[in-house]
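Please read the structure below before turning to the comments.
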Protein chains: 2
Amino acid sequence: MVGIVEVSPRDGLQNERELLETGAKIELIERAVAAGVRRIEAVSFVHPKLVPAMADAEAVMEGLTRAPGVSYIGLVLNRRGFDRAVAAGVDEVNVVVPASDGFAKANQNSTTAALTEVAEEVLAEAAGRDLFASLTIATSFGCPFDGEVDPERVVEVARRGAAAGAKEIAIADTIGVGVPTQVRTLLDGVRAVAPEARMRAHFHNTRNTGFANAVAALEWGVDWLDSSNGGIGGCPFAPAATGNIATEDLVYLLHRMGHPTGLDLDALLPIAGFLSDALGYRVPALLPRAGAFG
Amino acid sequence: MVGIVEVSPRDGLQNERELLETGAKIELIERAVAAGVRRIEAVSFVHPKLVPAMADAEAVMEGLTRAPGVSYIGLVLNRRGFDRAVAAGVDEVNVVVPASDGFAKANQNSTTAALTEVAEEVLAEAAGRDLFASLTIATSFGCPFDGEVDPERVVEVARRGAAAGAKEIAIADTIGVGVPTQVRTLLDGVRAVAPEARMRAHFHNTRNTGFANAVAALEWGVDWLDSSNGGIGGCPFAPAATGNIATEDLVYLLHRMGHPTGLDLDALLPIAGFLSDALGYRVPALLPRAGAFG
């Protein structure tokens, strides 16, 4: 069984111009959990100047009614974020390192190598506290500044992250340029240096390759796939583009291929309407328009 | 090398409320050919009451400047259409039979078995004239009236079509419900009964499974994939839904996976703008919004 990590409250909302109120974020999280989601990236603990939409991370975590058996994840970029995540009582942290220097420079005025060191410290600290820590390698499939990203850069971040204690490693197609051949190359490369880690993949459907990539990752044997209710979650560098692969479309695809997910499509589908109303535009997921089948 | 059959002039336009003028259809066809398309479903010879948007099929064929080496295809449903296609000078015919009785009844007040007989006659006539004939099996992945379609129904139509002289057989996901596991099951089944025929697949992205299906068909070894510039081409039974898989998005995907198509992405991309202007809405293809990469 492949698991789905719901990322709409974090990746889905972080670039929205229409900032959702804390209460709406909590409603989104609780609706997703009610539909069967068991891992959810609820918030990110980044500097509010960098990502204003996530400034209320502590308030979201505090206001949530936590459901048993559900892991509420906080994204962190550094030790300061990690400390905030621990204080807010997350169940796991997701530490992000970009594989490309251009992205590291633009977002954090740093480099992949320097941010990998930062991640190593956080991962070791999490391991010491017995807090589950995942490592997400951003821009694994391509960078808006550097163009193509050498897979060896991704593998090197994975190798160091696994050595530092990451329990799970994700390849992320941050700007939605990847294709299935890349998915397999990167997963093979990461597994070779991190054989003990669980494997996760994160796709955007910016160029209509996201679901083909998800199938490639599934058939490769990935443990978890990230997706976003409604398919929300653009990239600030491609403002008109479609966002994360949509959870409801992914669930339809997986179920019809014979892979149970534990998610209830009937409960998921109305979330798109809630998000469209809250954000003021029609979200890109297709199943809410076309209807399920079979 | 996988080939692309451009279907926007036929499947893309047949359900549009905004009927394109003959001159605009000719421009669409000539633009696609200029971008490298070598097979194009230019028109369909169906009763104008059934598909008003195709009533000018003869005028389109007559007005076209034919490019050397390009095959202009006419879709036909019966002998009357076949005779019109021959008179109009098409390079090949595409004979369509639905795999489900519900679809056969709704569109032609008939059955799969009866329409297969009609197709057999047309395929034999084409073979006698040495005119290339393809057989497309509609609703192979599911029917808006009957729901699930037994793959054996698809295989039986393929078996009879191949015996009657079809040079190529296509499985078509008319309403966009299919998934990669179905793609492989159906292609295996068809090949077993039609080992000499070329194989083609036709996908709609109605539920975001179309590109994953295209990759599954590609990796299975299909010879041709249908797609539509701009991703136009809805289904009359799902009016808000996305249409055929978009040619520009498919070309991006295939090229980046290392499969040449002979198509020029730079020449394809502006066609989406032409179509959006002509149809009065933004077409669903994503590459024209996000831009190419790599």
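Here's how to read the names in the structure tokens: chain A, B, ... by the order shown, residue numbers from 1 in each chain, ligand numbers from 1 in the order shown.
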
Report task. Give me, as a ChimeraX atom specification, the contact residues of chain B against chain A at a cut-off of 7 Å, counting only C-alpha atoms. Result -> /B:147-148,177,179,181,206-209,211-212,215,238,240-241,249,253,256-257,286-287,289-290,293-294

Requested write-out: N, CA, C and O atoms of the selected residues, as a compact mmCIF listing (two decimals), in the first residue's frame:
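What ended up in selection.txt:
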```txt
# COMPACT_ATOMS: atom_id res chain seq x y z
N GLY B 147 -21.02 2.13 -17.83
CA GLY B 147 -20.02 2.00 -16.77
C GLY B 147 -18.82 1.20 -17.27
O GLY B 147 -18.31 1.44 -18.36
N GLU B 148 -18.39 0.23 -16.47
CA GLU B 148 -17.22 -0.57 -16.84
C GLU B 148 -17.47 -1.33 -18.14
O GLU B 148 -18.58 -1.81 -18.38
N VAL B 177 -11.45 7.95 -18.44
CA VAL B 177 -11.55 7.27 -17.14
C VAL B 177 -10.43 6.26 -16.92
O VAL B 177 -10.30 5.69 -15.84
N VAL B 179 -6.76 4.07 -16.70
CA VAL B 179 -5.52 4.12 -15.92
C VAL B 179 -4.50 3.16 -16.56
O VAL B 179 -4.88 2.29 -17.36
N THR B 181 -2.88 0.49 -15.76
CA THR B 181 -3.07 -0.96 -15.72
C THR B 181 -4.04 -1.40 -16.82
O THR B 181 -3.83 -2.43 -17.47
N THR B 206 -9.31 13.85 -18.91
CA THR B 206 -10.48 14.30 -18.16
C THR B 206 -10.31 14.19 -16.64
O THR B 206 -10.83 15.02 -15.89
N ARG B 207 -9.62 13.15 -16.20
CA ARG B 207 -9.40 12.94 -14.76
C ARG B 207 -7.91 12.91 -14.41
O ARG B 207 -7.50 12.28 -13.45
N ASN B 208 -7.11 13.57 -15.24
CA ASN B 208 -5.66 13.69 -15.00
C ASN B 208 -4.92 12.35 -15.09
O ASN B 208 -3.84 12.21 -14.51
N THR B 209 -5.49 11.39 -15.82
CA THR B 209 -4.76 10.13 -16.01
C THR B 209 -4.19 9.99 -17.42
O THR B 209 -3.49 9.02 -17.71
N PHE B 211 -1.86 11.47 -19.35
CA PHE B 211 -0.43 11.44 -19.65
C PHE B 211 0.24 10.21 -19.02
O PHE B 211 1.18 9.66 -19.60
N ALA B 212 -0.25 9.79 -17.87
CA ALA B 212 0.25 8.54 -17.30
C ALA B 212 -0.10 7.37 -18.22
O ALA B 212 0.70 6.44 -18.41
N VAL B 215 2.30 7.39 -21.19
CA VAL B 215 3.61 6.82 -20.86
C VAL B 215 3.50 5.29 -20.77
O VAL B 215 4.38 4.56 -21.25
N ALA B 238 -19.48 15.19 -20.60
CA ALA B 238 -18.76 15.76 -19.45
C ALA B 238 -18.31 17.15 -19.87
O ALA B 238 -17.13 17.40 -20.07
N ALA B 240 -17.68 20.07 -18.74
CA ALA B 240 -16.69 20.94 -18.09
C ALA B 240 -15.31 20.32 -18.10
O ALA B 240 -14.36 20.91 -17.60
N ALA B 241 -15.19 19.16 -18.66
CA ALA B 241 -13.96 18.39 -18.50
C ALA B 241 -12.92 18.72 -19.55
O ALA B 241 -13.23 19.16 -20.65
N ASP B 249 2.08 19.30 -24.56
CA ASP B 249 2.50 18.69 -23.29
C ASP B 249 3.07 17.29 -23.54
O ASP B 249 4.05 16.88 -22.91
N LEU B 253 6.89 15.91 -22.81
CA LEU B 253 7.09 14.68 -22.02
C LEU B 253 7.93 13.67 -22.79
O LEU B 253 8.90 13.11 -22.25
N ARG B 256 11.61 14.85 -23.43
CA ARG B 256 12.42 14.84 -22.20
C ARG B 256 12.71 13.41 -21.72
O ARG B 256 13.65 13.18 -20.98
N MET B 257 11.85 12.47 -22.15
CA MET B 257 12.12 11.06 -21.84
C MET B 257 13.05 10.42 -22.87
O MET B 257 13.34 9.22 -22.79
N LEU B 286 -0.99 22.80 -20.64
CA LEU B 286 -0.25 23.50 -19.59
C LEU B 286 1.06 24.11 -20.05
O LEU B 286 1.49 25.13 -19.52
N LEU B 287 1.71 23.49 -21.02
CA LEU B 287 3.02 24.01 -21.44
C LEU B 287 2.95 25.45 -21.94
O LEU B 287 3.87 26.24 -21.65
N ARG B 289 1.28 27.78 -20.76
CA ARG B 289 1.26 28.66 -19.59
C ARG B 289 2.59 28.65 -18.86
O ARG B 289 3.09 29.68 -18.42
N ALA B 290 3.13 27.43 -18.67
CA ALA B 290 4.31 27.28 -17.81
C ALA B 290 5.60 27.54 -18.57
O ALA B 290 6.61 27.91 -17.96
N PHE B 293 11.08 23.70 -20.76
CA PHE B 293 12.24 23.60 -19.87
C PHE B 293 13.22 22.63 -20.49
O PHE B 293 12.82 21.63 -21.06
N GLY B 294 14.49 22.92 -20.33
CA GLY B 294 15.51 21.97 -20.77
C GLY B 294 15.77 22.07 -22.25
O GLY B 294 15.16 22.83 -22.96
```

Could you please write out, as a PDB file with N, CA, C and O atoms, in the first residue's frame, every residue of region 33-238 of chain A that DSSP assigns to strand (DSSP E)?
```pdb
ATOM      1  N   ARG A  39      -0.954  11.258   7.216  1.00  0.00           N
ATOM      2  CA  ARG A  39       0.233  12.116   7.364  1.00  0.00           C
ATOM      3  C   ARG A  39      -0.108  13.415   6.649  1.00  0.00           C
ATOM      4  O   ARG A  39      -0.518  13.396   5.491  1.00  0.00           O
ATOM      5  N   ILE A  40       0.112  14.513   7.308  1.00  0.00           N
ATOM      6  CA  ILE A  40      -0.256  15.793   6.703  1.00  0.00           C
ATOM      7  C   ILE A  40       0.772  16.861   7.054  1.00  0.00           C
ATOM      8  O   ILE A  40       1.122  17.049   8.220  1.00  0.00           O
ATOM      9  N   GLU A  41       1.273  17.528   5.998  1.00  0.00           N
ATOM     10  CA  GLU A  41       2.208  18.626   6.226  1.00  0.00           C
ATOM     11  C   GLU A  41       1.373  19.839   6.590  1.00  0.00           C
ATOM     12  O   GLU A  41       0.830  20.526   5.716  1.00  0.00           O
ATOM     13  N   ALA A  42       1.262  20.077   7.879  1.00  0.00           N
ATOM     14  CA  ALA A  42       0.288  21.040   8.382  1.00  0.00           C
ATOM     15  C   ALA A  42       0.791  22.480   8.281  1.00  0.00           C
ATOM     16  O   ALA A  42       0.015  23.400   8.003  1.00  0.00           O
ATOM     17  N   VAL A  43       2.063  22.658   8.524  1.00  0.00           N
ATOM     18  CA  VAL A  43       2.623  24.016   8.634  1.00  0.00           C
ATOM     19  C   VAL A  43       4.095  23.995   8.234  1.00  0.00           C
ATOM     20  O   VAL A  43       4.699  22.931   8.125  1.00  0.00           O
ATOM     21  N   SER A  44       4.656  25.189   8.032  1.00  0.00           N
ATOM     22  CA  SER A  44       6.114  25.267   7.922  1.00  0.00           C
ATOM     23  C   SER A  44       6.613  26.346   8.869  1.00  0.00           C
ATOM     24  O   SER A  44       5.964  27.379   9.053  1.00  0.00           O
ATOM     25  N   PHE A  45       7.742  26.059   9.452  1.00  0.00           N
ATOM     26  CA  PHE A  45       8.342  26.991  10.411  1.00  0.00           C
ATOM     27  C   PHE A  45       9.508  27.693   9.730  1.00  0.00           C
ATOM     28  O   PHE A  45      10.676  27.385   9.959  1.00  0.00           O
ATOM     29  N   SER A  71      -0.153  11.810  11.792  1.00  0.00           N
ATOM     30  CA  SER A  71       1.101  12.504  12.003  1.00  0.00           C
ATOM     31  C   SER A  71       1.022  13.899  11.383  1.00  0.00           C
ATOM     32  O   SER A  71       0.824  14.037  10.171  1.00  0.00           O
ATOM     33  N   TYR A  72       1.170  14.910  12.229  1.00  0.00           N
ATOM     34  CA  TYR A  72       1.140  16.307  11.792  1.00  0.00           C
ATOM     35  C   TYR A  72       2.586  16.769  11.617  1.00  0.00           C
ATOM     36  O   TYR A  72       3.366  16.765  12.565  1.00  0.00           O
ATOM     37  N   ILE A  73       2.905  17.142  10.391  1.00  0.00           N
ATOM     38  CA  ILE A  73       4.295  17.400  10.013  1.00  0.00           C
ATOM     39  C   ILE A  73       4.555  18.901   9.937  1.00  0.00           C
ATOM     40  O   ILE A  73       3.722  19.665   9.442  1.00  0.00           O
ATOM     41  N   GLY A  74       5.714  19.302  10.400  1.00  0.00           N
ATOM     42  CA  GLY A  74       6.157  20.683  10.231  1.00  0.00           C
ATOM     43  C   GLY A  74       7.382  20.737   9.335  1.00  0.00           C
ATOM     44  O   GLY A  74       8.352  20.001   9.548  1.00  0.00           O
ATOM     45  N   LEU A  75       7.325  21.600   8.329  1.00  0.00           N
ATOM     46  CA  LEU A  75       8.491  21.774   7.461  1.00  0.00           C
ATOM     47  C   LEU A  75       9.468  22.729   8.126  1.00  0.00           C
ATOM     48  O   LEU A  75       9.060  23.763   8.683  1.00  0.00           O
ATOM     49  N   VAL A  76      10.748  22.396   8.059  1.00  0.00           N
ATOM     50  CA  VAL A  76      11.770  23.273   8.626  1.00  0.00           C
ATOM     51  C   VAL A  76      12.944  23.391   7.661  1.00  0.00           C
ATOM     52  O   VAL A  76      13.215  22.486   6.871  1.00  0.00           O
ATOM     53  N   GLU A  92       6.341  15.015  13.383  1.00  0.00           N
ATOM     54  CA  GLU A  92       7.550  14.763  12.604  1.00  0.00           C
ATOM     55  C   GLU A  92       7.962  16.069  11.935  1.00  0.00           C
ATOM     56  O   GLU A  92       7.151  16.991  11.785  1.00  0.00           O
ATOM     57  N   VAL A  93       9.233  16.116  11.542  1.00  0.00           N
ATOM     58  CA  VAL A  93       9.707  17.282  10.791  1.00  0.00           C
ATOM     59  C   VAL A  93      10.112  16.858   9.393  1.00  0.00           C
ATOM     60  O   VAL A  93      10.546  15.725   9.158  1.00  0.00           O
ATOM     61  N   ASN A  94       9.938  17.796   8.460  1.00  0.00           N
ATOM     62  CA  ASN A  94      10.383  17.612   7.086  1.00  0.00           C
ATOM     63  C   ASN A  94      11.437  18.672   6.804  1.00  0.00           C
ATOM     64  O   ASN A  94      11.135  19.867   6.747  1.00  0.00           O
ATOM     65  N   VAL A  95      12.671  18.232   6.674  1.00  0.00           N
ATOM     66  CA  VAL A  95      13.798  19.146   6.465  1.00  0.00           C
ATOM     67  C   VAL A  95      14.056  19.259   4.966  1.00  0.00           C
ATOM     68  O   VAL A  95      14.243  18.250   4.290  1.00  0.00           O
ATOM     69  N   VAL A  96      14.064  20.492   4.462  1.00  0.00           N
ATOM     70  CA  VAL A  96      14.192  20.686   3.014  1.00  0.00           C
ATOM     71  C   VAL A  96      15.558  21.261   2.658  1.00  0.00           C
ATOM     72  O   VAL A  96      16.010  22.237   3.268  1.00  0.00           O
ATOM     73  N   VAL A  97      16.187  20.637   1.666  1.00  0.00           N
ATOM     74  CA  VAL A  97      17.445  21.141   1.104  1.00  0.00           C
ATOM     75  C   VAL A  97      17.289  21.176  -0.417  1.00  0.00           C
ATOM     76  O   VAL A  97      16.905  20.170  -1.018  1.00  0.00           O
ATOM     77  N   PRO A  98      17.580  22.299  -1.056  1.00  0.00           N
ATOM     78  CA  PRO A  98      17.523  22.319  -2.524  1.00  0.00           C
ATOM     79  C   PRO A  98      18.782  21.698  -3.131  1.00  0.00           C
ATOM     80  O   PRO A  98      19.882  21.908  -2.629  1.00  0.00           O
ATOM     81  N   PHE A 132      10.682  11.683  14.368  1.00  0.00           N
ATOM     82  CA  PHE A 132      10.799  11.235  12.977  1.00  0.00           C
ATOM     83  C   PHE A 132      11.156  12.420  12.087  1.00  0.00           C
ATOM     84  O   PHE A 132      10.481  13.456  12.129  1.00  0.00           O
ATOM     85  N   ALA A 133      12.197  12.245  11.264  1.00  0.00           N
ATOM     86  CA  ALA A 133      12.625  13.328  10.376  1.00  0.00           C
ATOM     87  C   ALA A 133      12.752  12.818   8.949  1.00  0.00           C
ATOM     88  O   ALA A 133      13.400  11.810   8.682  1.00  0.00           O
ATOM     89  N   SER A 134      12.111  13.547   8.060  1.00  0.00           N
ATOM     90  CA  SER A 134      12.186  13.268   6.640  1.00  0.00           C
ATOM     91  C   SER A 134      13.065  14.336   6.004  1.00  0.00           C
ATOM     92  O   SER A 134      13.117  15.472   6.483  1.00  0.00           O
ATOM     93  N   LEU A 135      13.748  13.975   4.940  1.00  0.00           N
ATOM     94  CA  LEU A 135      14.556  14.947   4.191  1.00  0.00           C
ATOM     95  C   LEU A 135      13.978  15.075   2.787  1.00  0.00           C
ATOM     96  O   LEU A 135      13.859  14.075   2.076  1.00  0.00           O
ATOM     97  N   THR A 136      13.588  16.288   2.416  1.00  0.00           N
ATOM     98  CA  THR A 136      13.084  16.525   1.057  1.00  0.00           C
ATOM     99  C   THR A 136      14.131  17.274   0.253  1.00  0.00           C
ATOM    100  O   THR A 136      14.611  18.331   0.680  1.00  0.00           O
ATOM    101  N   ILE A 137      14.471  16.722  -0.897  1.00  0.00           N
ATOM    102  CA  ILE A 137      15.487  17.352  -1.751  1.00  0.00           C
ATOM    103  C   ILE A 137      14.764  18.118  -2.853  1.00  0.00           C
ATOM    104  O   ILE A 137      14.261  17.538  -3.821  1.00  0.00           O
ATOM    105  N   ALA A 138      14.688  19.432  -2.669  1.00  0.00           N
ATOM    106  CA  ALA A 138      13.968  20.299  -3.603  1.00  0.00           C
ATOM    107  C   ALA A 138      14.748  20.450  -4.911  1.00  0.00           C
ATOM    108  O   ALA A 138      15.949  20.175  -4.967  1.00  0.00           O
ATOM    109  N   GLU A 168      13.553   9.115   6.183  1.00  0.00           N
ATOM    110  CA  GLU A 168      12.841   9.076   4.911  1.00  0.00           C
ATOM    111  C   GLU A 168      13.474  10.136   4.019  1.00  0.00           C
ATOM    112  O   GLU A 168      13.863  11.196   4.507  1.00  0.00           O
ATOM    113  N   ILE A 169      13.557   9.821   2.728  1.00  0.00           N
ATOM    114  CA  ILE A 169      14.114  10.799   1.789  1.00  0.00           C
ATOM    115  C   ILE A 169      13.147  10.968   0.630  1.00  0.00           C
ATOM    116  O   ILE A 169      12.613   9.987   0.104  1.00  0.00           O
ATOM    117  N   ALA A 170      12.917  12.236   0.263  1.00  0.00           N
ATOM    118  CA  ALA A 170      12.006  12.537  -0.843  1.00  0.00           C
ATOM    119  C   ALA A 170      12.739  13.270  -1.943  1.00  0.00           C
ATOM    120  O   ALA A 170      13.540  14.174  -1.681  1.00  0.00           O
ATOM    121  N   ILE A 171      12.432  12.873  -3.184  1.00  0.00           N
ATOM    122  CA  ILE A 171      12.857  13.676  -4.330  1.00  0.00           C
ATOM    123  C   ILE A 171      11.663  14.568  -4.693  1.00  0.00           C
ATOM    124  O   ILE A 171      10.522  14.109  -4.750  1.00  0.00           O
ATOM    125  N   ALA A 172      11.948  15.849  -4.892  1.00  0.00           N
ATOM    126  CA  ALA A 172      10.870  16.810  -5.136  1.00  0.00           C
ATOM    127  C   ALA A 172      11.083  17.529  -6.457  1.00  0.00           C
ATOM    128  O   ALA A 172      12.159  18.070  -6.721  1.00  0.00           O
ATOM    129  N   ARG A 198      13.023   5.206   4.144  1.00  0.00           N
ATOM    130  CA  ARG A 198      11.794   5.127   3.360  1.00  0.00           C
ATOM    131  C   ARG A 198      11.906   6.132   2.223  1.00  0.00           C
ATOM    132  O   ARG A 198      12.615   7.137   2.332  1.00  0.00           O
ATOM    133  N   MET A 199      11.176   5.857   1.136  1.00  0.00           N
ATOM    134  CA  MET A 199      11.288   6.719  -0.034  1.00  0.00           C
ATOM    135  C   MET A 199       9.957   7.410  -0.299  1.00  0.00           C
ATOM    136  O   MET A 199       8.898   6.787  -0.279  1.00  0.00           O
ATOM    137  N   ARG A 200      10.066   8.710  -0.575  1.00  0.00           N
ATOM    138  CA  ARG A 200       8.872   9.511  -0.856  1.00  0.00           C
ATOM    139  C   ARG A 200       9.145  10.341  -2.107  1.00  0.00           C
ATOM    140  O   ARG A 200      10.307  10.650  -2.411  1.00  0.00           O
ATOM    141  N   ALA A 201       8.078  10.695  -2.831  1.00  0.00           N
ATOM    142  CA  ALA A 201       8.254  11.524  -4.032  1.00  0.00           C
ATOM    143  C   ALA A 201       7.207  12.630  -4.034  1.00  0.00           C
ATOM    144  O   ALA A 201       6.070  12.435  -3.579  1.00  0.00           O
ATOM    145  N   HIS A 202       7.605  13.775  -4.557  1.00  0.00           N
ATOM    146  CA  HIS A 202       6.796  15.007  -4.495  1.00  0.00           C
ATOM    147  C   HIS A 202       6.762  15.608  -5.894  1.00  0.00           C
ATOM    148  O   HIS A 202       7.793  16.026  -6.429  1.00  0.00           O
ATOM    149  N   TRP A 224       5.771   6.559  -0.221  1.00  0.00           N
ATOM    150  CA  TRP A 224       4.837   7.663  -0.025  1.00  0.00           C
ATOM    151  C   TRP A 224       4.856   8.603  -1.214  1.00  0.00           C
ATOM    152  O   TRP A 224       5.894   8.821  -1.817  1.00  0.00           O
ATOM    153  N   LEU A 225       3.698   9.162  -1.493  1.00  0.00           N
ATOM    154  CA  LEU A 225       3.574  10.209  -2.505  1.00  0.00           C
ATOM    155  C   LEU A 225       2.954  11.440  -1.855  1.00  0.00           C
ATOM    156  O   LEU A 225       1.970  11.325  -1.117  1.00  0.00           O
ATOM    157  N   ASP A 226       3.517  12.599  -2.136  1.00  0.00           N
ATOM    158  CA  ASP A 226       2.904  13.852  -1.693  1.00  0.00           C
ATOM    159  C   ASP A 226       1.827  14.263  -2.692  1.00  0.00           C
ATOM    160  O   ASP A 226       1.988  14.084  -3.901  1.00  0.00           O
ATOM    161  N   SER A 227       0.761  14.850  -2.187  1.00  0.00           N
ATOM    162  CA  SER A 227      -0.218  15.460  -3.087  1.00  0.00           C
ATOM    163  C   SER A 227      -0.993  16.516  -2.302  1.00  0.00           C
ATOM    164  O   SER A 227      -0.881  16.596  -1.080  1.00  0.00           O
TER     165      SER A 227
END
```

Requested in this report: For Gly233 (chain A), list every protein, DNA or RNA residue within 7 Å, evaluated using only C-alpha atoms, and leave out those in the same chain fewer than 5 positions away; present the list as a list in words.
Outcome: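 In the requested format, the answer is Asp11, Gly12, Leu13, Asn15, Gly243 and Asn244 of chain A.
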
Keeping only N, CA and C atoms, take the residues you just selected and write them out as a JSON list (two decimals), in the first residue's frame.
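selection-v1.json written:
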```json
[["chain", "number", "residue", "atom", "x", "y", "z"],
["A", 11, "ASP", "N", 2.48, 23.28, 1.26],
["A", 11, "ASP", "CA", 2.91, 23.63, -0.10],
["A", 11, "ASP", "C", 1.76, 24.23, -0.89],
["A", 12, "GLY", "N", 0.55, 23.77, -0.59],
["A", 12, "GLY", "CA", -0.60, 24.29, -1.32],
["A", 12, "GLY", "C", -0.85, 25.75, -1.08],
["A", 13, "LEU", "N", -0.64, 26.18, 0.15],
["A", 13, "LEU", "CA", -1.05, 27.54, 0.52],
["A", 13, "LEU", "C", 0.11, 28.53, 0.57],
["A", 15, "ASN", "N", 2.19, 29.90, -1.30],
["A", 15, "ASN", "CA", 2.40, 30.96, -2.28],
["A", 15, "ASN", "C", 1.11, 31.68, -2.67],
["A", 243, "GLY", "N", -0.40, 23.50, -9.71],
["A", 243, "GLY", "CA", 0.40, 23.21, -8.54],
["A", 243, "GLY", "C", 0.74, 21.75, -8.35],
["A", 244, "ASN", "N", 0.71, 21.33, -7.08],
["A", 244, "ASN", "CA", 0.98, 19.94, -6.75],
["A", 244, "ASN", "C", -0.01, 19.03, -7.47]]
```

Requested in this report: Please measure the separation of CA of Leu275 (chain A) and CA of Lys49 (chain A), giving the value in Å to one decimal.
Outcome: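 Between CA of Leu275 (chain A) and CA of Lys49 (chain A) the gap works out to 24.4 Å.
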
Query - DSSP-assigned helix (DSSP H, G or I) members of region 19-234 of chain B, reported as JSON, numbers by chain - result: {"B": [22, 23, 24, 25, 26, 27, 28, 29, 30, 31, 32, 33, 34, 52, 53, 54, 57, 58, 59, 60, 61, 62, 63, 79, 80, 81, 82, 83, 84, 85, 86, 87, 88, 101, 102, 103, 104, 105, 106, 107, 108, 112, 113, 114, 115, 116, 117, 118, 119, 120, 121, 122, 123, 124, 125, 126, 127, 128, 129, 151, 152, 153, 154, 155, 156, 157, 158, 159, 160, 161, 162, 163, 164, 180, 181, 182, 183, 184, 185, 186, 187, 188, 189, 190, 191, 192, 193, 210, 211, 212, 213, 214, 215, 216, 217, 218, 219, 220, 229, 230, 231]}
